[in-house]
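A.B. asks: Structure: coords21.pdb, PDB, C-alpha atoms.
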ATOM      1  CA  MET S   1     313.534 -39.378  -8.931
ATOM      2  CA  ALA S   2     313.798 -36.783  -6.189
ATOM      3  CA  VAL S   3     311.094 -34.151  -5.859
ATOM      4  CA  SER S   4     312.068 -30.821  -4.396
ATOM      5  CA  ILE S   5     309.501 -28.820  -2.435
ATOM      6  CA  SER S   6     309.970 -25.072  -2.233
ATOM      7  CA  PRO S   7     309.621 -23.579   1.280
ATOM      8  CA  THR S   8     306.378 -21.696   2.053
ATOM      9  CA  PRO S   9     306.410 -18.326   3.791
ATOM     10  CA  VAL S  10     305.053 -19.633   7.101
ATOM     11  CA  ALA S  11     306.314 -16.680   9.115
ATOM     12  CA  ALA S  12     304.660 -14.200   6.815
ATOM     13  CA  ALA S  13     301.364 -16.085   6.945
ATOM     14  CA  ALA S  14     301.453 -16.326  10.761
ATOM     15  CA  LYS S  15     301.593 -12.523  11.176
ATOM     16  CA  PRO S  16     299.289 -10.926   8.638
ATOM     17  CA  ALA S  17     299.651  -7.197   8.276
ATOM     18  CA  PRO S  18     296.737  -5.150   9.647
ATOM     19  CA  ARG S  19     294.274  -4.407   6.956
ATOM     20  CA  ARG S  20     293.593  -0.843   5.938
ATOM     21  CA  HIS S  21     289.851  -1.448   6.171
ATOM     22  CA  ASP S  22     290.084  -2.370   9.862
ATOM     23  CA  ARG S  23     292.065   0.759  10.681
ATOM     24  CA  ARG S  24     289.586   2.945   8.824
ATOM     25  CA  GLN S  25     286.670   1.283  10.627
ATOM     26  CA  SER S  26     288.316   1.865  14.014
ATOM     27  CA  ARG S  27     288.818   5.567  13.213
ATOM     28  CA  ASP S  28     285.203   5.863  12.123
ATOM     29  CA  GLN S  29     284.002   4.314  15.385
ATOM     30  CA  ARG S  30     286.095   6.724  17.444
ATOM     31  CA  ARG S  31     284.791   9.637  15.401
ATOM     32  CA  VAL S  32     281.185   8.557  15.914
ATOM     33  CA  GLY S  33     281.760   8.176  19.652
ATOM     34  CA  LEU S  34     283.225  11.679  19.904
ATOM     35  CA  LEU S  35     280.309  13.123  17.954
ATOM     36  CA  MET S  36     277.815  11.415  20.282
ATOM     37  CA  ILE S  37     279.378  12.819  23.475
ATOM     38  CA  ALA S  38     280.078  16.254  21.975
ATOM     39  CA  PRO S  39     276.681  17.817  22.924
ATOM     40  CA  ALA S  40     277.034  16.705  26.532
ATOM     41  CA  GLY S  41     280.623  17.964  26.596
ATOM     42  CA  VAL S  42     279.610  21.378  25.253
ATOM     43  CA  LEU S  43     276.802  21.720  27.813
ATOM     44  CA  LEU S  44     279.125  20.624  30.634
ATOM     45  CA  ALA S  45     281.693  23.207  29.603
ATOM     46  CA  LEU S  46     279.158  26.030  29.227
ATOM     47  CA  PHE S  47     277.228  25.413  32.441
ATOM     48  CA  PHE S  48     279.952  24.035  34.736
ATOM     49  CA  PHE S  49     283.580  24.610  33.773
ATOM     50  CA  VAL S  50     283.122  28.149  32.428
ATOM     51  CA  PRO S  51     281.067  29.369  35.461
ATOM     52  CA  VAL S  52     283.522  27.743  37.882
ATOM     53  CA  ALA S  53     286.504  29.369  36.181
ATOM     54  CA  LEU S  54     284.672  32.698  36.040
ATOM     55  CA  GLY S  55     283.802  32.477  39.737
ATOM     56  CA  PHE S  56     287.426  31.838  40.675
ATOM     57  CA  ALA S  57     288.542  34.780  38.531
ATOM     58  CA  LEU S  58     285.947  37.231  39.889
ATOM     59  CA  ALA S  59     286.958  36.413  43.467
ATOM     60  CA  PHE S  60     290.134  38.468  42.922
ATOM     61  CA  THR S  61     288.363  41.535  41.505
ATOM     62  CA  ASP S  62     285.954  44.252  42.712
ATOM     63  CA  ALA S  63     283.134  43.155  40.384
ATOM     64  CA  ARG S  64     279.549  44.106  41.148
ATOM     65  CA  LEU S  65     276.382  42.739  39.587
ATOM     66  CA  ILE S  66     275.444  46.053  37.956
ATOM     67  CA  SER S  67     278.206  48.632  37.773
ATOM     68  CA  PRO S  68     279.467  50.974  35.027
ATOM     69  CA  LYS S  69     282.979  50.845  36.471
ATOM     70  CA  PRO S  70     285.361  48.393  34.773
ATOM     71  CA  LEU S  71     286.735  45.443  36.711
ATOM     72  CA  GLU S  72     289.804  45.998  38.816
ATOM     73  CA  PHE S  73     292.124  43.353  40.202
ATOM     74  CA  ILE S  74     292.305  43.666  44.001
ATOM     75  CA  GLY S  75     294.167  40.478  44.913
ATOM     76  CA  LEU S  76     293.199  38.841  48.203
ATOM     77  CA  ASP S  77     291.125  41.720  49.570
ATOM     78  CA  ASN S  78     287.860  39.753  49.319
ATOM     79  CA  PHE S  79     289.331  36.844  51.256
ATOM     80  CA  GLN S  80     290.636  39.250  53.900
ATOM     81  CA  ARG S  81     287.106  40.613  54.157
ATOM     82  CA  ILE S  82     285.844  37.075  54.759
ATOM     83  CA  LEU S  83     288.192  36.736  57.725
ATOM     84  CA  ASP S  84     286.742  39.913  59.233
ATOM     85  CA  ASP S  85     283.075  39.162  58.449
ATOM     86  CA  PRO S  86     281.161  37.927  61.551
ATOM     87  CA  VAL S  87     278.115  36.985  59.466
ATOM     88  CA  PHE S  88     280.217  34.634  57.347
ATOM     89  CA  TRP S  89     281.654  32.886  60.401
ATOM     90  CA  LYS S  90     278.199  32.538  61.911
ATOM     91  CA  SER S  91     276.961  31.094  58.617
ATOM     92  CA  LEU S  92     279.899  28.686  58.578
ATOM     93  CA  ARG S  93     279.126  27.510  62.128
ATOM     94  CA  ASN S  94     275.482  26.986  61.193
ATOM     95  CA  THR S  95     276.491  25.015  58.109
ATOM     96  CA  LEU S  96     278.893  22.761  59.999
ATOM     97  CA  PHE S  97     276.383  22.223  62.810
ATOM     98  CA  PHE S  98     273.672  21.312  60.310
ATOM     99  CA  ALA S  99     275.969  18.816  58.561
ATOM    100  CA  ALA S 100     277.266  17.347  61.842
ATOM    101  CA  VAL S 101     273.706  16.544  62.926
ATOM    102  CA  VAL S 102     272.102  15.608  59.606
ATOM    103  CA  VAL S 103     274.784  13.243  58.300
ATOM    104  CA  PRO S 104     274.699  10.656  61.145
ATOM    105  CA  VAL S 105     270.977  11.046  61.903
ATOM    106  CA  GLN S 106     269.788  10.831  58.326
ATOM    107  CA  SER S 107     272.127   8.005  57.284
ATOM    108  CA  GLY S 108     271.380   6.002  60.438
ATOM    109  CA  LEU S 109     267.618   6.451  60.155
ATOM    110  CA  ALA S 110     267.706   5.563  56.453
ATOM    111  CA  LEU S 111     269.671   2.381  57.232
ATOM    112  CA  LEU S 112     267.188   1.419  59.946
ATOM    113  CA  LEU S 113     264.251   1.888  57.569
ATOM    114  CA  ALA S 114     266.066  -0.091  54.866
ATOM    115  CA  LEU S 115     266.600  -2.992  57.280
ATOM    116  CA  LEU S 116     262.923  -2.913  58.239
ATOM    117  CA  VAL S 117     261.580  -2.940  54.676
ATOM    118  CA  ASN S 118     264.153  -5.472  53.453
ATOM    119  CA  VAL S 119     262.317  -8.358  55.106
ATOM    120  CA  LYS S 120     260.029 -10.528  52.980
ATOM    121  CA  MET S 121     256.552  -9.808  54.234
ATOM    122  CA  ARG S 122     253.326  -8.336  52.945
ATOM    123  CA  GLY S 123     253.046  -4.561  52.854
ATOM    124  CA  THR S 124     256.732  -3.660  52.564
ATOM    125  CA  ASN S 125     256.255  -2.172  49.092
ATOM    126  CA  ILE S 126     253.641   0.206  50.504
ATOM    127  CA  PHE S 127     256.047   1.420  53.180
ATOM    128  CA  ARG S 128     258.814   1.903  50.606
ATOM    129  CA  THR S 129     256.485   4.095  48.552
ATOM    130  CA  LEU S 130     255.364   6.119  51.558
ATOM    131  CA  TYR S 131     258.940   6.787  52.654
ATOM    132  CA  PHE S 132     259.921   7.862  49.138
ATOM    133  CA  ILE S 133     257.009  10.258  48.491
ATOM    134  CA  PRO S 134     258.715  13.275  50.178
ATOM    135  CA  VAL S 135     261.746  12.769  47.927
ATOM    136  CA  VAL S 136     259.774  13.236  44.693
ATOM    137  CA  THR S 137     257.901  16.212  46.153
ATOM    138  CA  SER S 138     259.384  19.631  45.390
ATOM    139  CA  ILE S 139     261.597  20.844  48.226
ATOM    140  CA  VAL S 140     260.014  24.292  47.857
ATOM    141  CA  VAL S 141     256.532  22.830  48.390
ATOM    142  CA  VAL S 142     257.750  20.795  51.366
ATOM    143  CA  SER S 143     259.397  23.864  52.899
ATOM    144  CA  ILE S 144     256.216  25.926  52.552
ATOM    145  CA  LEU S 145     254.110  23.187  54.141
ATOM    146  CA  TRP S 146     256.484  22.794  57.079
ATOM    147  CA  ARG S 147     256.649  26.562  57.523
ATOM    148  CA  PHE S 148     252.902  26.563  58.130
ATOM    149  CA  MET S 149     253.210  23.522  60.391
ATOM    150  CA  TYR S 150     255.815  25.317  62.536
ATOM    151  CA  GLN S 151     253.613  28.358  63.172
ATOM    152  CA  GLN S 152     252.356  29.013  66.690
ATOM    153  CA  ASP S 153     248.903  27.714  65.767
ATOM    154  CA  GLY S 154     250.296  25.081  63.408
ATOM    155  CA  LEU S 155     250.198  21.306  63.390
ATOM    156  CA  VAL S 156     253.428  20.784  65.357
ATOM    157  CA  ASN S 157     252.286  22.761  68.386
ATOM    158  CA  SER S 158     248.820  21.180  68.189
ATOM    159  CA  MET S 159     250.319  17.674  68.243
ATOM    160  CA  LEU S 160     252.626  18.569  71.153
ATOM    161  CA  HIS S 161     249.683  19.997  73.059
ATOM    162  CA  TRP S 162     247.653  16.855  72.393
ATOM    163  CA  ALA S 163     250.504  14.524  73.388
ATOM    164  CA  THR S 164     251.897  16.348  76.425
ATOM    165  CA  GLY S 165     249.208  18.807  77.441
ATOM    166  CA  ASN S 166     251.701  21.674  77.157
ATOM    167  CA  VAL S 167     249.832  24.917  76.480
ATOM    168  CA  VAL S 168     252.957  26.912  75.529
ATOM    169  CA  ARG S 169     253.024  27.372  71.761
ATOM    170  CA  VAL S 170     256.557  27.815  70.445
ATOM    171  CA  ASP S 171     257.212  30.026  67.438
ATOM    172  CA  TRP S 172     259.722  27.579  66.035
ATOM    173  CA  LEU S 173     261.075  29.525  63.067
ATOM    174  CA  ASN S 174     261.261  32.917  64.822
ATOM    175  CA  ASN S 175     263.269  31.661  67.783
ATOM    176  CA  THR S 176     267.061  31.718  67.522
ATOM    177  CA  SER S 177     267.392  28.502  69.547
ATOM    178  CA  THR S 178     264.783  26.446  67.662
ATOM    179  CA  ALA S 179     264.890  27.712  64.060
ATOM    180  CA  LEU S 180     267.871  25.665  62.877
ATOM    181  CA  PRO S 181     266.812  22.446  64.697
ATOM    182  CA  ALA S 182     263.375  22.829  63.101
ATOM    183  CA  ILE S 183     264.968  22.985  59.651
ATOM    184  CA  ILE S 184     267.101  19.945  60.524
ATOM    185  CA  VAL S 185     264.016  17.881  61.388
ATOM    186  CA  MET S 186     262.291  18.836  58.161
ATOM    187  CA  SER S 187     265.394  18.167  56.037
ATOM    188  CA  VAL S 188     265.931  14.704  57.532
ATOM    189  CA  TRP S 189     262.266  13.813  56.979
ATOM    190  CA  GLN S 190     262.349  14.989  53.376
ATOM    191  CA  ALA S 191     265.514  13.187  52.227
ATOM    192  CA  VAL S 192     265.602  10.020  54.339
ATOM    193  CA  GLY S 193     263.556   8.055  51.789
ATOM    194  CA  PHE S 194     266.120   8.538  49.026
ATOM    195  CA  HIS S 195     268.989   7.194  51.083
ATOM    196  CA  MET S 196     266.781   4.383  52.362
ATOM    197  CA  VAL S 197     266.467   3.201  48.747
ATOM    198  CA  ILE S 198     270.259   3.375  48.314
ATOM    199  CA  TRP S 199     270.833   1.363  51.501
ATOM    200  CA  LEU S 200     268.185  -1.111  50.354
ATOM    201  CA  SER S 201     269.902  -1.656  47.013
ATOM    202  CA  GLY S 202     273.147  -2.340  48.873
ATOM    203  CA  LEU S 203     271.446  -4.800  51.225
ATOM    204  CA  GLN S 204     270.030  -6.760  48.305
ATOM    205  CA  THR S 205     273.492  -7.283  46.817
ATOM    206  CA  ILE S 206     274.706  -9.218  49.881
ATOM    207  CA  PRO S 207     274.486 -12.977  49.160
ATOM    208  CA  GLY S 208     271.805 -14.714  51.203
ATOM    209  CA  GLU S 209     274.060 -17.749  51.644
ATOM    210  CA  LEU S 210     276.140 -15.778  54.130
ATOM    211  CA  TYR S 211     273.148 -15.302  56.418
ATOM    212  CA  GLU S 212     272.194 -18.980  56.067
ATOM    213  CA  ALA S 213     275.697 -20.022  57.080
ATOM    214  CA  ALA S 214     275.558 -17.602  60.011
ATOM    215  CA  ASP S 215     272.250 -19.148  61.140
ATOM    216  CA  LEU S 216     273.838 -22.600  61.058
ATOM    217  CA  ASP S 217     276.679 -21.310  63.233
ATOM    218  CA  GLY S 218     274.193 -19.881  65.732
ATOM    219  CA  ALA S 219     274.995 -16.215  65.063
ATOM    220  CA  GLY S 220     272.599 -13.661  66.508
ATOM    221  CA  THR S 221     271.081 -10.609  64.854
ATOM    222  CA  TRP S 222     273.820  -8.264  66.011
ATOM    223  CA  ASP S 223     276.595 -10.640  64.925
ATOM    224  CA  LYS S 224     275.088 -10.988  61.452
ATOM    225  CA  PHE S 225     274.816  -7.223  61.121
ATOM    226  CA  ARG S 226     278.366  -6.661  62.413
ATOM    227  CA  TYR S 227     280.183  -9.324  60.402
ATOM    228  CA  ILE S 228     278.017  -9.628  57.262
ATOM    229  CA  THR S 229     275.724  -6.647  56.678
ATOM    230  CA  TRP S 230     278.011  -3.791  57.671
ATOM    231  CA  PRO S 231     281.109  -5.002  55.758
ATOM    232  CA  GLY S 232     278.914  -5.801  52.749
ATOM    233  CA  LEU S 233     277.718  -2.193  52.636
ATOM    234  CA  ARG S 234     281.187  -0.664  52.362
ATOM    235  CA  SER S 235     280.787   0.929  48.918
ATOM    236  CA  THR S 236     277.186   1.927  49.623
ATOM    237  CA  ARG S 237     278.249   3.489  52.914
ATOM    238  CA  THR S 238     280.910   5.608  51.224
ATOM    239  CA  PHE S 239     278.487   6.850  48.568
ATOM    240  CA  ILE S 240     275.803   7.760  51.097
ATOM    241  CA  LEU S 241     278.147   9.568  53.487
ATOM    242  CA  VAL S 242     279.671  11.671  50.713
ATOM    243  CA  THR S 243     276.329  12.574  49.084
ATOM    244  CA  ILE S 244     274.615  13.433  52.388
ATOM    245  CA  THR S 245     277.571  15.574  53.456
ATOM    246  CA  ILE S 246     277.659  17.529  50.202
ATOM    247  CA  ALA S 247     273.887  18.057  50.314
ATOM    248  CA  ALA S 248     274.047  19.168  53.960
ATOM    249  CA  LEU S 249     276.842  21.640  53.337
ATOM    250  CA  SER S 250     274.894  23.009  50.347
ATOM    251  CA  LEU S 251     271.803  23.852  52.416
ATOM    252  CA  PHE S 252     269.935  26.746  50.789
ATOM    253  CA  THR S 253     266.328  26.183  49.702
ATOM    254  CA  GLN S 254     264.917  25.355  53.142
ATOM    255  CA  VAL S 255     266.570  28.428  54.649
ATOM    256  CA  HIS S 256     265.511  30.706  51.811
ATOM    257  CA  VAL S 257     261.850  29.624  51.919
ATOM    258  CA  MET S 258     261.322  29.101  55.652
ATOM    259  CA  THR S 259     263.424  31.725  57.458
ATOM    260  CA  ALA S 260     265.353  33.870  54.934
ATOM    261  CA  GLY S 261     268.419  33.334  57.107
ATOM    262  CA  GLY S 262     266.792  34.651  60.278
ATOM    263  CA  PRO S 263     266.158  35.244  62.984
ATOM    264  CA  LEU S 264     269.365  37.269  63.537
ATOM    265  CA  ASP S 265     271.237  35.046  61.026
ATOM    266  CA  ALA S 266     270.550  32.001  63.214
ATOM    267  CA  THR S 267     269.838  29.881  60.129
ATOM    268  CA  SER S 268     272.102  31.583  57.605
ATOM    269  CA  THR S 269     274.440  29.174  55.787
ATOM    270  CA  VAL S 270     277.493  29.664  53.598
ATOM    271  CA  VAL S 271     275.558  29.108  50.365
ATOM    272  CA  TYR S 272     272.710  31.355  51.484
ATOM    273  CA  GLN S 273     275.179  34.069  52.482
ATOM    274  CA  ALA S 274     276.877  33.860  49.068
ATOM    275  CA  VAL S 275     273.533  34.191  47.263
ATOM    276  CA  ARG S 276     272.380  37.040  49.513
ATOM    277  CA  VAL S 277     275.611  38.974  49.050
ATOM    278  CA  GLY S 278     275.819  38.297  45.329
ATOM    279  CA  TYR S 279     272.234  39.043  44.291
ATOM    280  CA  GLN S 280     270.572  41.125  46.980
ATOM    281  CA  GLN S 281     273.627  43.255  47.768
ATOM    282  CA  GLN S 282     275.033  42.907  44.205
ATOM    283  CA  GLN S 283     278.578  42.271  45.476
ATOM    284  CA  THR S 284     279.517  39.690  42.863
ATOM    285  CA  ALA S 285     283.224  39.552  43.674
ATOM    286  CA  TYR S 286     282.707  39.016  47.397
ATOM    287  CA  ALA S 287     280.088  36.347  46.703
ATOM    288  CA  SER S 288     282.564  34.626  44.375
ATOM    289  CA  ALA S 289     285.179  34.624  47.134
ATOM    290  CA  ILE S 290     282.669  33.018  49.522
ATOM    291  CA  SER S 291     281.906  30.427  46.829
ATOM    292  CA  VAL S 292     285.608  29.629  46.453
ATOM    293  CA  VAL S 293     285.907  29.095  50.207
ATOM    294  CA  PHE S 294     282.817  26.893  50.118
ATOM    295  CA  PHE S 295     284.273  24.852  47.236
ATOM    296  CA  LEU S 296     287.491  24.274  49.168
ATOM    297  CA  LEU S 297     285.492  23.333  52.274
ATOM    298  CA  VAL S 298     283.405  20.731  50.438
ATOM    299  CA  LEU S 299     286.466  19.355  48.661
ATOM    300  CA  THR S 300     288.384  18.989  51.927
ATOM    301  CA  VAL S 301     285.508  17.305  53.766
ATOM    302  CA  SER S 302     284.860  14.937  50.857
ATOM    303  CA  LEU S 303     288.516  13.910  50.615
ATOM    304  CA  ILE S 304     288.694  13.314  54.368
ATOM    305  CA  GLN S 305     285.553  11.186  54.269
ATOM    306  CA  ARG S 306     286.863   9.253  51.278
ATOM    307  CA  TRP S 307     290.125   8.580  53.102
ATOM    308  CA  LEU S 308     288.384   7.493  56.315
ATOM    309  CA  THR S 309     286.033   5.128  54.456
ATOM    310  CA  ARG S 310     288.629   3.710  52.068
ATOM    311  CA  GLU S 311     289.035  -0.056  51.865
ATOM    312  CA  ARG S 312     291.992  -0.998  54.015
ATOM    313  CA  ASN S 313     294.035  -3.999  53.067
ATOM    314  CA  ALA S 314     294.491  -6.582  55.781
TER
END
How does the structure come out when it is put into structure tokens?
C.D. replies:
Amino acid sequence: MAVSISPTPVAAAAKPAPRRHDRRQSRDQRRVGLLMIAPAGVLLALFFFVPVALGFALAFTDARLISPKPLEFIGLDNFQRILDDPVFWKSLRNTLFFAAVVVPVQSGLALLLALLVNVKMRGTNIFRTLYFIPVVTSIVVVSILWRFMYQQDGLVNSMLHWATGNVVRVDWLNNTSTALPAIIVMSVWQAVGFHMVIWLSGLQTIPGELYEAADLDGAGTWDKFRYITWPGLRSTRTFILVTITIAALSLFTQVHVMTAGGPLDATSTVVYQAVRVGYQQQQTAYASAISVVFFLLVLTVSLIQRWLTRERNA
């Protein structure tokens, strides 16, 4: 007697339809995620995107900080004024000079300190802490201390007199040729510890087996740095160069506290000029135009640095 077996819906069982419960759970998870990031998004919009958009818009008007007159659109007049403003161009030269000196000096010194404290020996943790103390100290406090140190009867001149016997006491911050270099020295000293820590974190990600293999091959210190350390710090190097450049171009606090842009605008920077014009002179529209130019400057420099430090395929 033959027994017939009815076919089973194998195809239907192999591809079960998505359950409604799973779809609802996925929507609930997305909704919860959006609710969790909503406060940060609102704050970012209120304190970043809205001010940036407002600054771009005011740059094309005649707005003043306190004025009963309504806003009037004046087109590119503020940017034409920038082209004819000698103080702005002097501030721009000071800013670029500061960045051109600080970026290589500070990054190189921070890398050297990171290499020194990366060795396994007693006392390195103490040196790491000492180098990092200026970073956690308020930049305003540091600027005030260094302003006193740079006085004619301050610590800097006393140390130079003790070391060299020179009796001439330089008024560092009131001299047009020494004011900006004095701020550069202080700025490098204050921030070098932070970038030392960044370099150090990059050094500790390089596998130690590479150095062991290099030792077996008889490689020297310079060869190990050139072929192992430096290529291994590619991403760290890009991050440090971009952050130091942006911070250098944004120089403000040191100038405001130590020299107020003087003497004779020898230490005035683009950011300081924008703040001085916008708040002290109450020319909000012109300050916004300077800020737009500064934004484009930082964006251009950052993109160029990113392109120069990109990872090139062999």
A.B. asks: Go through S:Pro86, S:Thr253, S:Gly55, S:Ile228 one by one, measure the shortest atom-to-atom distance of each to Ile139 (chain S) using only C-alpha atoms, and give the residue with the smallest value.
C.D. replies: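 Smallest separation from Ile139 (chain S) among the options: S:Thr253.
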A.B. asks: Once the PyMOL selection byres ((chain S and resi 186-192) around 7) has been applied to the shown file, what residues remain in the selection, as a count of residues only?
C.D. replies: 13
A.B. asks: Nearest to Arg169 (chain S) among S:Pro51, S:Pro39, S:Gly262, S:Gly154, with distances taken over all atoms listed in the file: which residue is it?
C.D. replies: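 Of all the options, S:Gly154 lies closest to Arg169 (chain S).
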A.B. asks: Please evaluate the PyMOL selection byres ((chain S and resi 310) around 12) against the displayed coordinates and give the resulting residues as a list in words.
C.D. replies: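 Output of the PyMOL selection byres ((chain S and resi 310) around 12): Arg234, Ser235, Thr236, Arg237, Thr238, Phe239, Ser302, Leu303, Ile304, Gln305, Arg306, Trp307, Leu308, Thr309, Glu311, Arg312 and Asn313 of chain S.
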A.B. asks: In Å, how far is it from CA of Gln29 (chain S) to CA of Val42 (chain S)?
C.D. replies: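 So the two atoms, CA of Gln29 (chain S) and CA of Val42 (chain S), lie 20.2 Å apart.
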A.B. asks: At what distance in Å, to one decimal, does CA of Arg128 (chain S) lie from CA of Met258 (chain S)?
C.D. replies: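 So the two atoms, CA of Met258 (chain S) and CA of Arg128 (chain S), lie 27.8 Å apart.
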A.B. asks: Have a look at S:Leu112, S:Thr245, S:Arg147, S:Gln281 and name the one nearest to Leu200 (chain S); count only C-alpha atoms.
C.D. replies: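 Checking each candidate against Leu200 (chain S), we get S:Leu112 as the closest.
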A.B. asks: Work out how far CA of Val257 (chain S) is from CA of Leu54 (chain S), in Å to one decimal.
C.D. replies: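 Computed distance, CA of Leu54 (chain S) to CA of Val257 (chain S), equals 28.0 Å.
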A.B. asks: Within 12 Å of Leu173 (chain S), counting all atoms listed in the file, which residues show up once you throw out same-chain ones fewer than 6 positions away? Write them as a PyMOL selection string, please.
C.D. replies: chain S and resi 143+146-152+154+156+179-184+186+254-255+257-267
A.B. asks: Taking the file as shown, what set of residues would the PyMOL selection byres ((chain S and resi 77-85) around 10) give back, as a PDB file with C-alpha atoms, keeping the file's coordinate frame?
C.D. replies:
ATOM      1  CA  LEU S  58     285.947  37.231  39.889  1.00  0.00           C
ATOM      2  CA  ALA S  59     286.958  36.413  43.467  1.00  0.00           C
ATOM      3  CA  PHE S  60     290.134  38.468  42.922  1.00  0.00           C
ATOM      4  CA  THR S  61     288.363  41.535  41.505  1.00  0.00           C
ATOM      5  CA  ASP S  62     285.954  44.252  42.712  1.00  0.00           C
ATOM      6  CA  PHE S  73     292.124  43.353  40.202  1.00  0.00           C
ATOM      7  CA  ILE S  74     292.305  43.666  44.001  1.00  0.00           C
ATOM      8  CA  GLY S  75     294.167  40.478  44.913  1.00  0.00           C
ATOM      9  CA  LEU S  76     293.199  38.841  48.203  1.00  0.00           C
ATOM     10  CA  PRO S  86     281.161  37.927  61.551  1.00  0.00           C
ATOM     11  CA  VAL S  87     278.115  36.985  59.466  1.00  0.00           C
ATOM     12  CA  PHE S  88     280.217  34.634  57.347  1.00  0.00           C
ATOM     13  CA  TRP S  89     281.654  32.886  60.401  1.00  0.00           C
ATOM     14  CA  LYS S  90     278.199  32.538  61.911  1.00  0.00           C
ATOM     15  CA  ALA S 285     283.224  39.552  43.674  1.00  0.00           C
ATOM     16  CA  TYR S 286     282.707  39.016  47.397  1.00  0.00           C
ATOM     17  CA  ALA S 287     280.088  36.347  46.703  1.00  0.00           C
ATOM     18  CA  SER S 288     282.564  34.626  44.375  1.00  0.00           C
ATOM     19  CA  ALA S 289     285.179  34.624  47.134  1.00  0.00           C
ATOM     20  CA  ILE S 290     282.669  33.018  49.522  1.00  0.00           C
ATOM     21  CA  VAL S 292     285.608  29.629  46.453  1.00  0.00           C
ATOM     22  CA  VAL S 293     285.907  29.095  50.207  1.00  0.00           C
TER      23      VAL S 293
END
A.B. asks: Might you pull out every residue within 9 Å of Ile240 (chain S), with all atoms listed in the file counted and same-chain residues fewer than 6 positions away left off, and present them as a PDB file with C-alpha atoms, in the frame of the given file?
C.D. replies:
ATOM      1  CA  SER S 107     272.127   8.005  57.284  1.00  0.00           C
ATOM      2  CA  HIS S 195     268.989   7.194  51.083  1.00  0.00           C
ATOM      3  CA  ILE S 198     270.259   3.375  48.314  1.00  0.00           C
ATOM      4  CA  TRP S 199     270.833   1.363  51.501  1.00  0.00           C
TER       5      TRP S 199
END
